[in-house]
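*Asks:* Sending over model_6.csv (CSV, C-alpha atoms).
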chain,number,residue,atom,x,y,z
A,1,MET,CA,0.0,0.0,0.0
A,2,SER,CA,2.8,2.4,0.8
A,3,SER,CA,4.2,2.0,-2.7
A,4,SER,CA,1.0,3.0,-4.5
A,5,PRO,CA,1.8,5.2,-7.5
A,6,LEU,CA,0.7,8.8,-7.9
A,7,LEU,CA,-2.3,9.8,-10.0
A,8,PRO,CA,-0.4,10.7,-13.3
A,9,LYS,CA,1.1,7.2,-13.5
A,10,MET,CA,-2.2,5.6,-12.9
A,11,MET,CA,-4.0,7.8,-15.5
A,12,LYS,CA,-1.4,6.9,-18.1
A,13,ALA,CA,-1.8,3.2,-17.4
A,14,HIS,CA,-5.5,3.5,-17.9
A,15,GLY,CA,-5.3,5.6,-21.0
A,16,VAL,CA,-6.6,8.9,-19.5
A,17,SER,CA,-5.1,11.8,-21.4
A,18,ARG,CA,-3.8,15.0,-19.9
A,19,ARG,CA,-6.6,16.9,-21.7
A,20,SER,CA,-9.3,14.7,-20.2
A,21,PHE,CA,-7.8,15.1,-16.7
A,22,LEU,CA,-7.8,18.9,-17.0
A,23,LYS,CA,-11.4,18.8,-18.2
A,24,TYR,CA,-12.2,16.7,-15.2
A,25,CYS,CA,-10.4,19.2,-12.9
A,26,ALA,CA,-12.4,22.1,-14.4
A,27,SER,CA,-15.7,20.3,-13.8
A,28,LEU,CA,-14.7,19.5,-10.3
A,29,THR,CA,-13.7,23.1,-9.6
A,30,SER,CA,-17.1,24.3,-10.8
A,31,LEU,CA,-19.0,21.6,-8.9
A,32,MET,CA,-17.2,22.7,-5.7
A,33,ALA,CA,-18.3,26.3,-6.3
A,34,LEU,CA,-14.7,27.5,-6.8
A,35,PRO,CA,-13.5,30.2,-9.3
A,36,PRO,CA,-12.0,29.0,-12.6
A,37,ALA,CA,-8.6,30.3,-11.4
A,38,MET,CA,-8.5,27.4,-8.9
A,39,VAL,CA,-8.4,24.8,-11.7
A,40,PRO,CA,-4.5,24.6,-11.9
A,41,ARG,CA,-4.4,24.3,-8.1
A,42,VAL,CA,-6.9,21.4,-8.1
A,43,ALA,CA,-4.9,19.7,-10.9
A,44,HIS,CA,-1.6,20.1,-9.1
A,45,ALA,CA,-3.0,18.8,-5.8
A,46,LEU,CA,-4.5,15.7,-7.4
A,47,GLU,CA,-1.3,15.0,-9.4
A,48,THR,CA,1.1,15.4,-6.5
A,49,ALA,CA,-0.9,14.2,-3.5
A,50,PRO,CA,-0.1,10.6,-2.4
A,51,ARG,CA,-3.0,8.3,-2.8
A,52,PRO,CA,-4.6,8.2,0.7
A,53,SER,CA,-5.8,5.0,2.2
A,54,VAL,CA,-9.5,4.8,2.4
A,55,ILE,CA,-11.5,2.3,4.6
A,56,TRP,CA,-15.2,2.1,3.7
A,57,LEU,CA,-17.5,0.7,6.4
A,58,SER,CA,-21.1,-0.4,5.6
A,59,PHE,CA,-23.4,-0.9,8.5
A,60,GLN,CA,-27.2,-0.8,8.7
A,61,GLU,CA,-27.9,0.2,5.1
A,62,CYS,CA,-29.4,-0.9,1.8
A,63,THR,CA,-26.2,-0.6,-0.3
A,64,GLY,CA,-27.8,2.2,-2.2
A,65,CYS,CA,-24.9,4.6,-1.4
A,66,THR,CA,-22.4,2.2,-2.9
A,67,GLU,CA,-24.7,1.6,-5.9
A,68,ALA,CA,-24.9,5.3,-6.4
A,69,ILE,CA,-21.2,6.1,-6.3
A,70,THR,CA,-20.5,3.3,-8.8
A,71,ARG,CA,-22.6,5.4,-11.2
A,72,SER,CA,-20.6,8.5,-10.9
A,73,SER,CA,-19.5,10.0,-14.2
A,74,ALA,CA,-17.2,12.8,-13.1
A,75,PRO,CA,-15.1,10.9,-12.4
A,76,SER,CA,-16.2,7.4,-12.9
A,77,LEU,CA,-15.4,5.2,-9.9
A,78,GLU,CA,-13.3,2.8,-11.9
A,79,GLU,CA,-11.3,5.4,-13.9
A,80,LEU,CA,-10.4,7.9,-11.3
A,81,ILE,CA,-11.6,7.3,-7.8
A,82,PHE,CA,-9.9,3.9,-7.5
A,83,ASP,CA,-6.8,5.5,-9.0
A,84,SER,CA,-6.7,8.7,-6.9
A,85,ILE,CA,-7.3,6.9,-3.6
A,86,SER,CA,-6.3,3.5,-2.3
A,87,LEU,CA,-9.5,1.8,-1.4
A,88,ASP,CA,-8.1,-0.7,1.1
A,89,TYR,CA,-11.4,-2.1,2.5
A,90,HIS,CA,-15.0,-2.1,1.2
A,91,HIS,CA,-16.7,-5.4,1.9
A,92,THR,CA,-19.3,-4.9,-0.9
A,93,LEU,CA,-16.7,-4.3,-3.6
A,94,GLN,CA,-13.6,-6.1,-2.5
A,95,ALA,CA,-12.7,-9.5,-3.8
A,96,ALA,CA,-11.4,-10.7,-0.4
A,97,SER,CA,-13.8,-12.1,2.3
A,98,GLY,CA,-13.6,-13.4,5.8
A,99,ASP,CA,-10.2,-13.3,7.6
A,100,ALA,CA,-8.5,-11.9,4.5
A,101,ALA,CA,-10.8,-8.9,4.3
A,102,GLU,CA,-10.4,-8.1,8.0
A,103,HIS,CA,-6.6,-8.5,7.7
A,104,ALA,CA,-6.6,-5.9,4.9
A,105,ARG,CA,-8.5,-3.5,7.1
A,106,GLU,CA,-6.2,-4.0,10.0
A,107,ALA,CA,-3.1,-3.7,7.9
A,108,ALA,CA,-4.3,-0.4,6.4
A,109,MET,CA,-5.1,0.9,9.9
A,110,LYS,CA,-1.6,0.0,11.1
A,111,GLU,CA,0.4,1.2,8.1
A,112,HIS,CA,-1.5,4.5,7.7
A,113,HIS,CA,-2.3,5.3,11.3
A,114,GLY,CA,-3.5,8.9,11.7
A,115,LYS,CA,-3.6,9.5,8.0
A,116,TYR,CA,-6.3,7.3,6.5
A,117,LEU,CA,-9.9,8.4,5.6
A,118,VAL,CA,-12.9,6.4,6.9
A,119,ILE,CA,-16.1,6.4,4.9
A,120,VAL,CA,-19.2,5.1,6.6
A,121,ASP,CA,-22.6,4.3,5.1
A,122,GLY,CA,-25.4,3.0,7.3
A,123,SER,CA,-26.5,3.7,10.8
A,124,ILE,CA,-25.2,1.9,13.9
A,125,PRO,CA,-27.5,-0.2,16.1
A,126,MET,CA,-27.0,0.4,19.8
A,127,ASP,CA,-29.7,-1.8,21.4
A,128,GLU,CA,-28.2,-5.2,20.4
A,129,PRO,CA,-24.8,-5.8,18.8
A,130,GLY,CA,-26.2,-8.8,17.0
A,131,PHE,CA,-28.5,-6.7,14.9
A,132,SER,CA,-25.7,-5.9,12.5
A,133,ALA,CA,-22.2,-7.4,12.6
A,134,ILE,CA,-19.3,-8.0,10.2
A,135,ALA,CA,-17.0,-11.0,10.6
A,136,GLY,CA,-18.4,-11.4,14.1
A,137,ILE,CA,-17.6,-7.8,15.0
A,138,SER,CA,-20.5,-5.5,16.0
A,139,ASN,CA,-20.9,-2.3,14.0
A,140,LEU,CA,-20.3,-0.2,17.1
A,141,ASP,CA,-16.9,-2.0,17.9
A,142,MET,CA,-15.7,-1.8,14.3
A,143,LEU,CA,-16.5,1.9,14.0
A,144,LYS,CA,-14.7,2.8,17.2
A,145,GLU,CA,-11.7,0.6,16.4
A,146,THR,CA,-11.4,2.0,12.8
A,147,ALA,CA,-12.1,5.6,13.7
A,148,GLU,CA,-9.4,5.7,16.4
A,149,GLY,CA,-6.5,6.1,13.9
A,150,ALA,CA,-8.5,8.0,11.2
A,151,ALA,CA,-7.6,11.5,10.0
A,152,ALA,CA,-11.3,12.2,9.2
A,153,ILE,CA,-14.6,10.5,8.6
A,154,VAL,CA,-17.1,11.0,5.8
A,155,SER,CA,-20.6,9.9,6.7
A,156,VAL,CA,-22.2,9.0,3.3
A,157,GLY,CA,-25.9,8.8,3.1
A,158,THR,CA,-28.7,9.9,5.5
A,159,CYS,CA,-28.4,6.7,7.6
A,160,ALA,CA,-24.7,7.4,8.5
A,161,ALA,CA,-25.3,11.2,8.7
A,162,TYR,CA,-28.5,11.2,10.8
A,163,GLY,CA,-29.6,7.6,11.6
A,164,GLY,CA,-31.7,7.3,8.5
A,165,LEU,CA,-34.6,4.9,7.9
A,166,PRO,CA,-33.3,2.4,10.6
A,167,GLN,CA,-33.8,5.2,13.1
A,168,ALA,CA,-37.4,5.9,12.1
A,169,ASN,CA,-40.0,5.6,14.8
A,170,PRO,CA,-40.1,3.3,16.7
A,171,ASN,CA,-36.4,2.7,16.0
A,172,PRO,CA,-36.4,-1.0,16.9
A,173,THR,CA,-32.6,-1.4,16.7
A,174,GLY,CA,-31.7,1.8,18.6
A,175,ALA,CA,-30.0,3.2,15.4
A,176,VAL,CA,-27.8,6.3,15.7
A,177,ALA,CA,-25.6,8.4,13.4
A,178,VAL,CA,-21.8,8.2,13.2
A,179,SER,CA,-21.6,11.6,14.9
A,180,ASP,CA,-23.6,10.3,17.9
A,181,ILE,CA,-20.7,7.9,18.6
A,182,ILE,CA,-17.5,9.6,17.3
A,183,THR,CA,-17.0,13.0,18.7
A,184,ASP,CA,-13.2,13.5,18.5
A,185,LYS,CA,-12.7,13.4,14.7
A,186,PRO,CA,-13.6,15.7,11.9
A,187,ILE,CA,-16.8,14.4,10.3
A,188,ILE,CA,-18.2,15.4,6.9
A,189,ASN,CA,-21.9,14.6,6.4
A,190,VAL,CA,-23.0,13.8,2.9
A,191,PRO,CA,-26.7,13.1,3.3
A,192,GLY,CA,-29.1,11.8,0.7
A,193,CYS,CA,-31.0,8.5,0.3
A,194,PRO,CA,-28.7,8.0,-1.5
A,195,PRO,CA,-26.5,11.0,-2.1
A,196,ILE,CA,-25.9,12.3,-5.7
A,197,PRO,CA,-22.9,10.4,-7.0
A,198,MET,CA,-21.0,13.5,-8.2
A,199,VAL,CA,-21.5,15.1,-4.8
A,200,MET,CA,-19.8,12.1,-3.1
A,201,THR,CA,-16.9,12.0,-5.5
A,202,ALA,CA,-16.5,15.8,-5.4
A,203,VAL,CA,-16.3,15.8,-1.6
A,204,LEU,CA,-13.6,13.2,-1.8
A,205,ALA,CA,-11.8,15.3,-4.4
A,206,HIS,CA,-12.1,18.4,-2.2
A,207,TYR,CA,-10.6,16.4,0.7
A,208,LEU,CA,-7.7,15.3,-1.4
A,209,THR,CA,-7.1,18.8,-2.7
A,210,PHE,CA,-7.9,21.2,0.1
A,211,GLY,CA,-8.8,19.1,3.1
A,212,ILE,CA,-12.0,19.4,5.1
A,213,PRO,CA,-14.5,21.6,3.2
A,214,ASP,CA,-16.5,24.5,4.7
A,215,LEU,CA,-19.4,22.8,6.6
A,216,ASP,CA,-22.8,24.0,7.6
A,217,GLU,CA,-24.4,23.6,11.1
A,218,LEU,CA,-25.3,19.9,10.2
A,219,GLY,CA,-21.8,19.1,9.1
A,220,ARG,CA,-22.6,19.2,5.4
A,221,PRO,CA,-20.4,20.8,2.7
A,222,LYS,CA,-21.8,24.2,2.0
A,223,ALA,CA,-20.8,23.9,-1.7
A,224,PHE,CA,-23.6,21.3,-2.0
A,225,PHE,CA,-26.0,22.0,0.8
A,226,ALA,CA,-26.2,25.8,1.2
A,227,GLU,CA,-29.3,26.4,-0.8
A,228,SER,CA,-32.7,24.8,-0.9
A,229,ILE,CA,-33.9,22.7,-3.9
A,230,HIS,CA,-36.8,25.2,-4.1
A,231,ASP,CA,-34.4,28.1,-4.7
A,232,ARG,CA,-33.1,26.5,-7.9
A,233,CYS,CA,-36.1,24.5,-9.0
A,234,TYR,CA,-37.2,25.0,-12.6
A,235,ARG,CA,-40.9,24.9,-11.3
A,236,ARG,CA,-40.2,27.9,-9.0
A,237,PRO,CA,-41.8,30.5,-11.4
A,238,PHE,CA,-45.1,28.6,-11.1
A,239,TYR,CA,-44.8,28.6,-7.4
A,240,ASP,CA,-44.3,32.4,-7.4
A,241,LYS,CA,-47.4,32.7,-9.6
A,242,GLY,CA,-49.5,30.5,-7.3
A,243,LEU,CA,-49.9,27.8,-9.9
A,244,PHE,CA,-49.9,24.4,-8.2
A,245,ALA,CA,-50.7,20.9,-9.4
A,246,GLU,CA,-53.6,19.5,-7.4
A,247,SER,CA,-53.0,15.9,-8.4
A,248,PHE,CA,-50.3,13.9,-10.2
A,249,ASP,CA,-52.4,13.6,-13.3
A,250,ASP,CA,-54.2,16.9,-13.7
A,251,GLU,CA,-53.5,19.6,-16.2
A,252,GLY,CA,-51.2,21.5,-13.9
A,253,ALA,CA,-49.0,18.5,-13.4
A,254,ARG,CA,-48.8,17.9,-17.1
A,255,ALA,CA,-47.9,21.6,-17.6
A,256,GLY,CA,-45.1,21.4,-15.1
A,257,TRP,CA,-46.7,23.4,-12.3
A,258,CYS,CA,-45.3,23.5,-8.7
A,259,LEU,CA,-45.8,20.3,-6.7
A,260,TYR,CA,-45.9,22.1,-3.3
A,261,LYS,CA,-49.5,21.0,-2.7
A,262,LEU,CA,-48.6,17.4,-3.4
A,263,GLY,CA,-46.2,17.3,-0.6
A,264,CYS,CA,-42.9,18.6,-2.2
A,265,LYS,CA,-40.4,19.3,0.5
A,266,GLY,CA,-38.1,21.3,-1.8
A,267,PRO,CA,-38.6,24.6,0.2
A,268,THR,CA,-37.2,23.0,3.4
A,269,THR,CA,-34.6,20.7,1.8
A,270,LYS,CA,-31.0,21.8,1.1
A,271,SER,CA,-29.3,20.1,-1.8
A,272,VAL,CA,-28.0,20.6,-5.4
A,273,CYS,CA,-30.5,18.1,-6.8
A,274,ALA,CA,-32.1,20.8,-9.1
A,275,THR,CA,-28.7,21.8,-10.6
A,276,VAL,CA,-26.4,18.8,-10.5
A,277,LYS,CA,-29.2,16.3,-11.0
A,278,TRP,CA,-28.9,12.5,-11.4
A,279,ASN,CA,-27.8,10.1,-14.1
A,280,ASP,CA,-25.1,12.3,-15.5
A,281,GLY,CA,-27.2,15.4,-15.2
A,282,THR,CA,-30.2,13.9,-16.9
A,283,SER,CA,-33.0,14.6,-14.3
A,284,PHE,CA,-34.1,14.6,-10.7
A,285,PRO,CA,-37.3,13.6,-8.9
A,286,ILE,CA,-39.2,16.9,-9.3
A,287,GLU,CA,-38.3,17.0,-13.0
A,288,ALA,CA,-39.6,13.4,-13.3
A,289,GLY,CA,-42.9,14.6,-11.8
A,290,HIS,CA,-42.6,13.6,-8.1
A,291,GLY,CA,-42.2,16.0,-5.2
A,292,CYS,CA,-39.0,16.1,-3.2
A,293,LEU,CA,-39.1,13.8,-0.1
A,294,GLY,CA,-36.5,15.9,1.8
A,295,CYS,CA,-34.0,13.0,2.1
A,296,THR,CA,-31.0,15.3,2.8
A,297,GLU,CA,-32.6,16.6,6.0
A,298,PRO,CA,-32.7,14.9,9.5
A,299,ASP,CA,-35.9,12.9,10.3
A,300,PHE,CA,-37.4,13.2,6.9
A,301,TRP,CA,-38.9,9.8,7.3
A,302,ASP,CA,-40.9,10.8,10.4
A,303,ASN,CA,-41.7,14.4,9.2
A,304,GLY,CA,-45.3,13.8,8.2
A,305,GLY,CA,-46.7,12.2,5.1
A,306,PHE,CA,-44.7,12.5,1.9
A,307,TYR,CA,-47.8,13.8,0.1
A,308,LYS,CA,-48.9,16.3,2.7
A,309,PRO,CA,-48.1,20.0,1.8
A,310,LEU,CA,-45.8,21.7,4.3
A,311,SER,CA,-48.5,23.9,5.6
A,312,ALA,CA,-50.8,20.9,6.5
A,313,PRO,CA,-50.7,19.3,10.0
A,314,ALA,CA,-48.3,16.4,10.1
A,315,GLY,CA,-47.8,13.6,12.6
A,316,ASP,CA,-49.8,10.9,14.3
A,317,TYR,CA,-53.3,12.1,15.0
A,318,ARG,CA,-53.9,9.3,17.5
A,319,ARG,CA,-51.7,11.3,19.9
A,320,VAL,CA,-53.9,14.3,20.0
A,321,GLY,CA,-57.5,14.9,21.2
A,322,GLN,CA,-60.5,14.7,19.0
A,323,ALA,CA,-61.2,18.4,19.6
A,324,ALA,CA,-57.8,19.3,18.1
A,325,ILE,CA,-58.6,17.2,15.0
A,326,VAL,CA,-61.9,19.0,14.6
A,327,ALA,CA,-60.3,22.4,15.1
A,328,GLY,CA,-57.6,21.4,12.6
A,329,VAL,CA,-60.2,20.5,10.0
A,330,ALA,CA,-62.1,23.7,10.5
A,331,ALA,CA,-58.9,25.7,10.2
A,332,GLY,CA,-58.0,23.8,7.1
A,333,ALA,CA,-61.3,24.6,5.6
A,334,GLY,CA,-61.0,28.3,6.5
A,335,GLY,CA,-57.5,28.4,5.1
A,336,ALA,CA,-58.6,26.8,1.8
A,337,TYR,CA,-61.3,29.5,1.4
A,338,LEU,CA,-58.8,32.3,2.1
A,339,ALA,CA,-56.3,30.7,-0.3
A,340,ARG,CA,-58.8,30.6,-3.1
A,341,LYS,CA,-59.9,34.2,-2.3
A,342,ASN,CA,-56.4,35.6,-2.2
A,343,LYS,CA,-55.4,33.8,-5.3
A,344,ALA,CA,-58.4,35.1,-7.2
A,345,GLU,CA,-57.7,38.7,-6.0
A,346,ALA,CA,-54.1,38.4,-6.9
A,347,LEU,CA,-54.9,37.2,-10.4
A,348,ALA,CA,-57.4,40.0,-10.9
A,349,ASN,CA,-54.8,42.6,-9.8
A,350,HIS,CA,-52.0,40.9,-11.8
A,351,GLU,CA,-50.2,40.2,-8.6
A,352,THR,CA,-48.2,37.1,-7.7
A,353,VAL,CA,-49.1,35.0,-4.7
A,354,ASP,CA,-47.0,32.2,-3.1
A,355,ALA,CA,-47.7,29.4,-0.7
A,356,PHE,CA,-45.9,31.2,2.2
A,357,THR,CA,-48.2,34.2,1.9
A,358,LEU,CA,-51.3,31.9,1.8
A,359,GLU,CA,-50.0,30.0,4.8
A,360,LYS,CA,-49.2,33.2,6.7
A,361,GLU,CA,-52.7,34.6,6.2
A,362,GLU,CA,-54.2,31.3,7.1
A,363,LYS,CA,-52.4,31.4,10.5
A,364,GLU,CA,-53.4,35.0,11.1
A,365,SER,CA,-57.0,34.1,10.5
Kindly return the structure encoded in the file as structure tokens.

*Replies:*
Amino acid sequence: MSSSPLLPKMMKAHGVSRRSFLKYCASLTSLMALPPAMVPRVAHALETAPRPSVIWLSFQECTGCTEAITRSSAPSLEELIFDSISLDYHHTLQAASGDAAEHAREAAMKEHHGKYLVIVDGSIPMDEPGFSAIAGISNLDMLKETAEGAAAIVSVGTCAAYGGLPQANPNPTGAVAVSDIITDKPIINVPGCPPIPMVMTAVLAHYLTFGIPDLDELGRPKAFFAESIHDRCYRRPFYDKGLFAESFDDEGARAGWCLYKLGCKGPTTKSVCATVKWNDGTSFPIEAGHGCLGCTEPDFWDNGGFYKPLSAPAGDYRRVGQAAIVAGVAAGAGGAYLARKNKAEALANHETVDAFTLEKEEKES
């Protein structure tokens, strides 16, 4: 592992031209929200930096994050990521198994102590070690052992970043996030169910080039999680005009109107889905006709129905009194009347109306 060649030699061996490499560096620089003048620095850093050892741990997860990153196109996993890092352990992708696989992890930890990068996908069960184990080692013990000598940790996917679907009520395994256990190491959260492939590879490239990126209050790189999907959504003009699809098969839906009333969580979800998109920039859920589920935010799985608009009451109605339900229904009816009235007046006066205005006036009533 210590004799791993640098990136230029690996690129030459795989037929990657200098021109292609510089185009890749330019796209990475743009993706990381850096000015064009930084392209030479990105290229120099990737060319001269030793290939860091990476240990990828998969715990309570669906393998979706690994599936996603294998579909990255800038760079592709096989052409550049495996060549710019030394992936020394990943039990989904590695050929070794059993003792041989664990020996590889232990050898990487010993040889690169204090320098290797740990990537984690999946939550960690705390109630019973047997809920999820690898080679007879509980997820909790493996995480603590591997993180001890790590330089940093990247929590890939919402399960590792926040606890994810395994943590959903009633959380039968006692699932927690990586940051709930490891508190003495830098942690970069890259949430998503799964995350966008190019975001994952760009975060790794940023770490190789500049170190830990600038993070928000939830530990997410600001380059990819600073703005809401709503802010960049191509349906935003319809939202501003008060034009909302009422069902997934009505005229509004076919015309591309805003999906806010159908439960879209874009206004409260921070991600670059609307700009970077999926499948090599082909599309993203809202463009495909389905509202955002909010999967880059904590507790999205318990945050009310996926098809309830943000202004509608969310949660388990069995936990509230019948009077509150009746009051809520009455308020909803009144709010609907006010919404229709305000929208009609705005259209008559050639004014725009948005859902936040409607919601505010509903509350004031």

*Asks:* Within 9 Å of Gly256 (chain A), counting all atoms listed in the file, which residues show up once you throw out same-chain ones fewer than 4 positions away? Write them as a list in words, please.

*Replies:* Arg235, Phe238, Phe244, Ala245, Glu251, Gly252, Glu287 and Gly289 of chain A

*Asks:* Quick check, in Å to one decimal: how far apart do CA of Asp214 (chain A) and CA of Cys193 (chain A) lie?

*Replies:*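 Here the two named atoms are 22.0 Å from each other.
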
*Asks:* Do a neighbour search on region 167-176 of chain A at 9 Å with only C-alpha atoms, toss out local chain neighbours closer than 2 positions, and write the hits as a list in words.

*Replies:*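 Here the answer would be Gln60, Ser123, Ile124, Pro125, Met126, Asp127, Glu128, Phe131, Cys159, Ala160, Ala161, Tyr162, Gly163, Gly164, Leu165, Val178, Ser179, Asp180, Ile181, Asp299, Phe300, Trp301 and Asp302 of chain A.
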
*Asks:* Using all atoms listed in the file, which protein or nucleic acid residues come within 12 Å of Trp257 (chain A)? Drop anything in the same chain fewer than 4 positions from it, and give the result as a compact mmCIF listing (two decimals) with C-alpha atoms, in the frame of the given file.

*Replies:*
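Everything below was put into around39.txt:
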# COMPACT_ATOMS: atom_id res chain seq x y z
CA CYS A 233 -36.10 24.50 -9.00
CA TYR A 234 -37.20 25.00 -12.60
CA ARG A 235 -40.90 24.90 -11.30
CA ARG A 236 -40.20 27.90 -9.00
CA PRO A 237 -41.80 30.50 -11.40
CA PHE A 238 -45.10 28.60 -11.10
CA TYR A 239 -44.80 28.60 -7.40
CA ASP A 240 -44.30 32.40 -7.40
CA LYS A 241 -47.40 32.70 -9.60
CA GLY A 242 -49.50 30.50 -7.30
CA LEU A 243 -49.90 27.80 -9.90
CA PHE A 244 -49.90 24.40 -8.20
CA ALA A 245 -50.70 20.90 -9.40
CA GLU A 246 -53.60 19.50 -7.40
CA SER A 247 -53.00 15.90 -8.40
CA PHE A 248 -50.30 13.90 -10.20
CA ASP A 249 -52.40 13.60 -13.30
CA ASP A 250 -54.20 16.90 -13.70
CA GLU A 251 -53.50 19.60 -16.20
CA GLY A 252 -51.20 21.50 -13.90
CA ALA A 253 -49.00 18.50 -13.40
CA LYS A 261 -49.50 21.00 -2.70
CA LEU A 262 -48.60 17.40 -3.40
CA CYS A 264 -42.90 18.60 -2.20
CA ILE A 286 -39.20 16.90 -9.30
CA GLU A 287 -38.30 17.00 -13.00
CA GLY A 289 -42.90 14.60 -11.80
CA HIS A 290 -42.60 13.60 -8.10
CA GLY A 291 -42.20 16.00 -5.20

*Asks:* Restrict the calculation to only C-alpha atoms, then for each residue of region 116-167 of chain A with any atom at most 9 Å from an atom of region 101-112 of chain A give the closest atom pair and their distance in Å to one decimal, rows by chain and rising residue number, as a tab-separated table.

*Replies:*
residue	atom	partner	partner_atom	distance
A:Tyr116	CA	A:His112	CA	5.7
A:Ala135	CA	A:Glu102	CA	7.7
A:Thr146	CA	A:Met109	CA	7.0
A:Gly149	CA	A:Met109	CA	6.7
A:Ala150	CA	A:Met109	CA	8.0

*Asks:* Closest to Phe225 (chain A) among A:Thr269, A:Ser20, A:Thr183, A:Thr63, using all atoms listed in the file?

*Replies:*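 Looking at the shortest contact to Phe225 (chain A), the residue is A:Thr269.
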
*Asks:* Show me, as an MDAnalysis selection string, the residues that have an atom within 12 Å of Leu93 (chain A) when counting all atoms listed in the file, minus same-chain residues fewer than 3 positions from it.

*Replies:* chainID A and resid 55:58 63 66:67 69:70 77:78 82 87:90 96:97 101

*Asks:* Using only C-alpha atoms, which residue out of A:Tyr307, A:Phe59, A:Trp278, A:Phe210 lies closest to Asp141 (chain A)?

*Replies:*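 Closest to Asp141 (chain A) of all the choices is A:Phe59.
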
*Asks:* Hey, what's within 7 Å of Cys25 (chain A) if we count all atoms listed in the file and toss same-chain stuff fewer than 2 positions away? As a ChimeraX atom specification, please?

*Replies:* /A:21-23,27-29,39,42-43

*Asks:* Quick one: distance from CA of His230 (chain A) to CA of Pro35 (chain A) in Å, one decimal?

*Replies:*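 Straight-line distance from CA of His230 (chain A) to CA of Pro35 (chain A) works out to 24.4 Å.
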
*Asks:* For a quick check of understanding, using only C-alpha atoms, which of A:Leu218, A:Pro186, A:Asp121, A:Ala147 has the smallest distance to His91 (chain A)?

*Replies:*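 Ranked by minimum distance to His91 (chain A), first place goes to A:Asp121.
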
*Asks:* Record the distance separating CA of Ala68 (chain A) and CA of Arg254 (chain A), expressed in Å with one decimal.

*Replies:*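 Here the two named atoms are 29.1 Å from each other.
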
*Asks:* Using only C-alpha atoms, which residue out of A:Lys308, A:Arg232, A:Arg19, A:Lys277 lies closest to Ile196 (chain A)?

*Replies:*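 Of A:Lys308, A:Arg232, A:Arg19, A:Lys277, the one nearest Ile196 (chain A) is A:Lys277, counting only C-alpha atoms.
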
*Asks:* Choose the residue, out of A:Cys292, A:Val156, A:Ala274, A:Val120, that has the smallest atom-to-atom separation from Thr201 (chain A); count all atoms listed in the file.

*Replies:* A:Val156
